[in-house]
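Q: Below is the file structure30.tsv, with TSV, C-alpha atoms.
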```tsv
chain	number	residue	atom	x	y	z
O	1	ARG	CA	0.00	0.00	0.00
O	2	VAL	CA	1.42	3.39	-1.01
O	3	ASN	CA	0.45	6.72	0.56
O	4	VAL	CA	1.71	10.28	0.12
O	5	ARG	CA	1.35	12.48	3.20
O	6	THR	CA	2.11	16.15	2.80
O	7	GLY	CA	3.10	18.40	5.64
O	8	ALA	CA	3.16	22.12	6.15
O	9	ALA	CA	4.21	24.56	3.45
O	10	ALA	CA	6.73	27.29	4.28
O	11	LEU	CA	7.84	30.42	2.45
O	12	LEU	CA	11.52	30.34	1.51
O	13	ALA	CA	11.92	34.09	0.96
O	14	LEU	CA	10.11	37.40	1.16
O	15	GLY	CA	8.66	39.28	-1.80
O	16	THR	CA	5.72	39.35	-4.16
O	17	SER	CA	6.06	35.73	-5.39
O	18	PRO	CA	8.26	33.94	-2.87
O	19	PRO	CA	9.07	30.29	-3.42
O	20	THR	CA	7.30	27.82	-1.18
O	21	ARG	CA	8.63	24.54	0.21
O	22	VAL	CA	6.20	21.69	0.80
O	23	THR	CA	7.42	18.74	2.86
O	24	GLY	CA	5.99	15.28	3.25
O	25	VAL	CA	6.61	11.57	3.24
O	26	LEU	CA	6.00	8.80	0.75
O	27	VAL	CA	4.97	5.72	2.75
O	28	VAL	CA	5.11	2.19	1.33
O	29	GLU	CA	3.53	-0.43	3.58
O	30	LEU	CA	4.56	-4.01	2.88
O	31	PHE	CA	2.48	-6.98	4.02
O	32	ILE	CA	4.07	-10.43	4.02
O	33	PRO	CA	2.22	-13.66	4.88
O	34	MET	CA	3.04	-14.62	8.48
O	35	GLU	CA	4.32	-18.09	7.55
O	36	ARG	CA	7.01	-16.56	5.28
O	37	GLY	CA	8.47	-14.39	8.03
O	38	ASP	CA	9.73	-10.83	7.57
O	39	ALA	CA	12.77	-11.62	5.37
O	40	PRO	CA	10.88	-11.22	2.04
O	41	GLY	CA	9.67	-7.82	3.21
O	42	TYR	CA	13.22	-6.66	3.89
O	43	GLU	CA	14.27	-7.93	0.46
O	44	ILE	CA	11.52	-5.83	-1.15
O	45	ALA	CA	12.41	-2.81	1.01
O	46	ASP	CA	16.06	-3.17	-0.08
O	47	ILE	CA	14.86	-2.81	-3.68
O	48	ILE	CA	12.63	0.22	-2.98
O	49	VAL	CA	15.05	2.30	-0.86
O	50	PRO	CA	17.73	3.03	-3.55
O	51	PHE	CA	15.08	4.34	-5.96
O	52	PHE	CA	14.34	7.21	-3.58
O	53	ARG	CA	17.62	7.82	-1.73
O	54	ASN	CA	18.66	11.44	-2.43
O	55	VAL	CA	16.85	11.53	-5.79
O	56	THR	CA	15.15	14.52	-7.42
O	57	ALA	CA	12.34	13.79	-9.87
O	58	ASP	CA	9.68	16.16	-11.21
O	59	SER	CA	10.76	18.90	-8.76
O	60	VAL	CA	10.42	16.56	-5.76
O	61	THR	CA	13.60	15.85	-3.78
O	62	TYR	CA	13.55	12.63	-1.80
O	63	GLU	CA	15.82	12.42	1.21
O	64	THR	CA	17.11	9.29	2.96
O	65	PRO	CA	14.40	6.61	3.26
O	66	PHE	CA	14.20	4.32	6.27
O	67	VAL	CA	12.55	0.98	7.01
O	68	SER	CA	10.58	0.22	10.15
O	69	THR	CA	9.12	-3.04	11.40
O	70	ASP	CA	5.50	-2.68	12.41
O	71	GLY	CA	5.23	-6.32	13.44
O	72	ARG	CA	2.23	-8.56	13.20
O	73	ASN	CA	-0.99	-7.33	11.58
O	74	ASP	CA	-3.48	-10.21	11.80
O	75	GLU	CA	-2.03	-12.94	9.53
O	76	TRP	CA	0.59	-10.59	8.05
O	77	TRP	CA	4.02	-9.20	8.92
O	78	GLN	CA	4.07	-5.49	8.20
O	79	LEU	CA	7.12	-3.41	7.26
O	80	THR	CA	7.03	0.26	6.28
O	81	VAL	CA	9.40	2.15	3.99
O	82	THR	CA	9.23	5.90	4.72
O	83	CYS	CA	10.72	8.34	2.19
O	84	PRO	CA	10.82	11.97	3.38
O	85	PHE	CA	10.65	14.54	0.58
O	86	PHE	CA	10.34	18.24	-0.18
O	87	SER	CA	9.34	20.29	-3.19
O	88	ASP	CA	10.10	23.95	-3.83
O	89	THR	CA	7.57	25.76	-6.00
```
What's the C-alpha cells form of this structure?
A:
Amino acid sequence: RVNVRTGAAALLALGTSPPTRVTGVLVVELFIPMERGDAPGYEIADIIVPFFRNVTADSVTYETPFVSTDGRNDEWWQLTVTCPFFSDT
C-alpha cells in the first residue's frame, strides 16, 4: 500500500512571489504472509530504498528513506518504507 502524506508549506523568501517549500513523506507499507516471516519484506524494502535515496524527480527531492518493522498485523508481517521529501515551487 502506497500513501503520500504532505506536511506544512513554508515560504523560503520574502517578496511578491516567494518560493514555497512543501514537505511530506512517501509511505510504502509491505504486508508479508506470516508463515514466510519478515525476510521477504526486507528484500523488497532493499529494492525500494535506492530508488528514492537522495533523488530529485519532477521537482520533488527525496531524502534518505528508512525501514521500520510494524510487526504482526493479523495474519501478516508489516514493514514500512518511509521516504521523506520536499518540493520547492
Q: Under the rule that only C-alpha atoms are counted, which of O:Pro19, O:Gly7, O:Pro40, O:Pro65 is the nearest residue to Val81 in chain O?
A: O:Pro65
Q: Would you work out the distance separating CA of Glu29 in chain O from CA of Val55 in chain O, expressed in Å to one decimal?
A: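 Computing the Euclidean distance for CA of Glu29 in chain O and CA of Val55 in chain O yields 20.2 Å.
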Q: Could you pull the residues within 12 Å of Glu35 in chain O, counting all atoms listed in the file, minus those fewer than 6 positions along the same chain, as a JSON list (two decimals) with C-alpha atoms, keeping the file's coordinate frame?
A:
```
[["chain", "number", "residue", "atom", "x", "y", "z"],
["O", 72, "ARG", "CA", 2.23, -8.56, 13.20],
["O", 74, "ASP", "CA", -3.48, -10.21, 11.80],
["O", 75, "GLU", "CA", -2.03, -12.94, 9.53],
["O", 76, "TRP", "CA", 0.59, -10.59, 8.05],
["O", 77, "TRP", "CA", 4.02, -9.20, 8.92]]
```
Q: Could you give me, as a list in words, the residues within 12 Å of Asn54 in chain O, counting all atoms listed in the file and dropping anything in the same chain fewer than 6 positions from it?
A: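 Listed by chain and then number, they are Val60, Thr61, Tyr62, Glu63, Thr64, Pro65, Cys83, Pro84, Phe85 and Phe86 of chain O.
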Q: Here is a test: counting only C-alpha atoms, which residue of O:Ser59, O:Gln78, O:Thr69, O:Thr6 is nearest to Thr23 in chain O?
A: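 Nearest candidate to Thr23 in chain O out of O:Ser59, O:Gln78, O:Thr69, O:Thr6: O:Thr6.
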Q: What gap, in Å, lies between CA of Gly24 in chain O and CA of Asp46 in chain O?
A: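 That distance, rounded to one decimal, is 21.3 Å.
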Q: Pick from O:Thr82, O:Ser87, O:Asn73, O:Thr56: nearest to Val2 in chain O, with all atoms listed in the file counted?
A: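 Between O:Thr82, O:Ser87, O:Asn73, O:Thr56, the residue approaching Val2 in chain O most closely is O:Thr82.
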Q: For Asn3 in chain O, please output as a PyMOL selection string all residues within 8 Å (counting all atoms listed in the file; exclusion window: fewer than 4 positions along the same chain).
A: chain O and resi 26-28
Q: Around all the atoms of range 59-71 of chain O listed in the file, with 5 Å of room on each side, what axis-aligned box do you get, giving centre and edge lengths in Å to one decimal, as JSON?
A:
```
{"center_x": 11.2, "center_y": 6.3, "center_z": 2.3, "size_x": 21.9, "size_y": 35.2, "size_z": 32.2}
```
Q: Could you tell me how far CA of Asp70 in chain O sits from CA of Met34 in chain O, in Å to one decimal place?
A: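 Going from CA of Met34 in chain O over to CA of Asp70 in chain O covers 12.8 Å.
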Q: Of the candidates O:Ala39, O:Leu79, O:Ile47, O:Val22, which shows the shortest atom-to-atom distance to Arg1 in chain O, using all atoms listed in the file?
A: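 The answer is O:Leu79, which sits nearest to Arg1 in chain O.
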Q: Would you list the contacts of Leu11 in chain O as a ChimeraX atom specification, taking every protein, DNA or RNA residue within 7 Å and counting only C-alpha atoms, but skipping same-chain residues closer than 6 positions in sequence?
A: /O:18-21
Q: Which is closest to Gly37 in chain O among O:Thr89, O:Phe66, O:Val49, O:Gly71, if we use all atoms listed in the file?
A: O:Gly71
Q: Nearest residue to Gly41 in chain O out of O:Thr80, O:Ala57, O:Arg5, O:Gly15, using all atoms listed in the file?
A: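 Among the listed residues, O:Thr80 lies closest to Gly41 in chain O.
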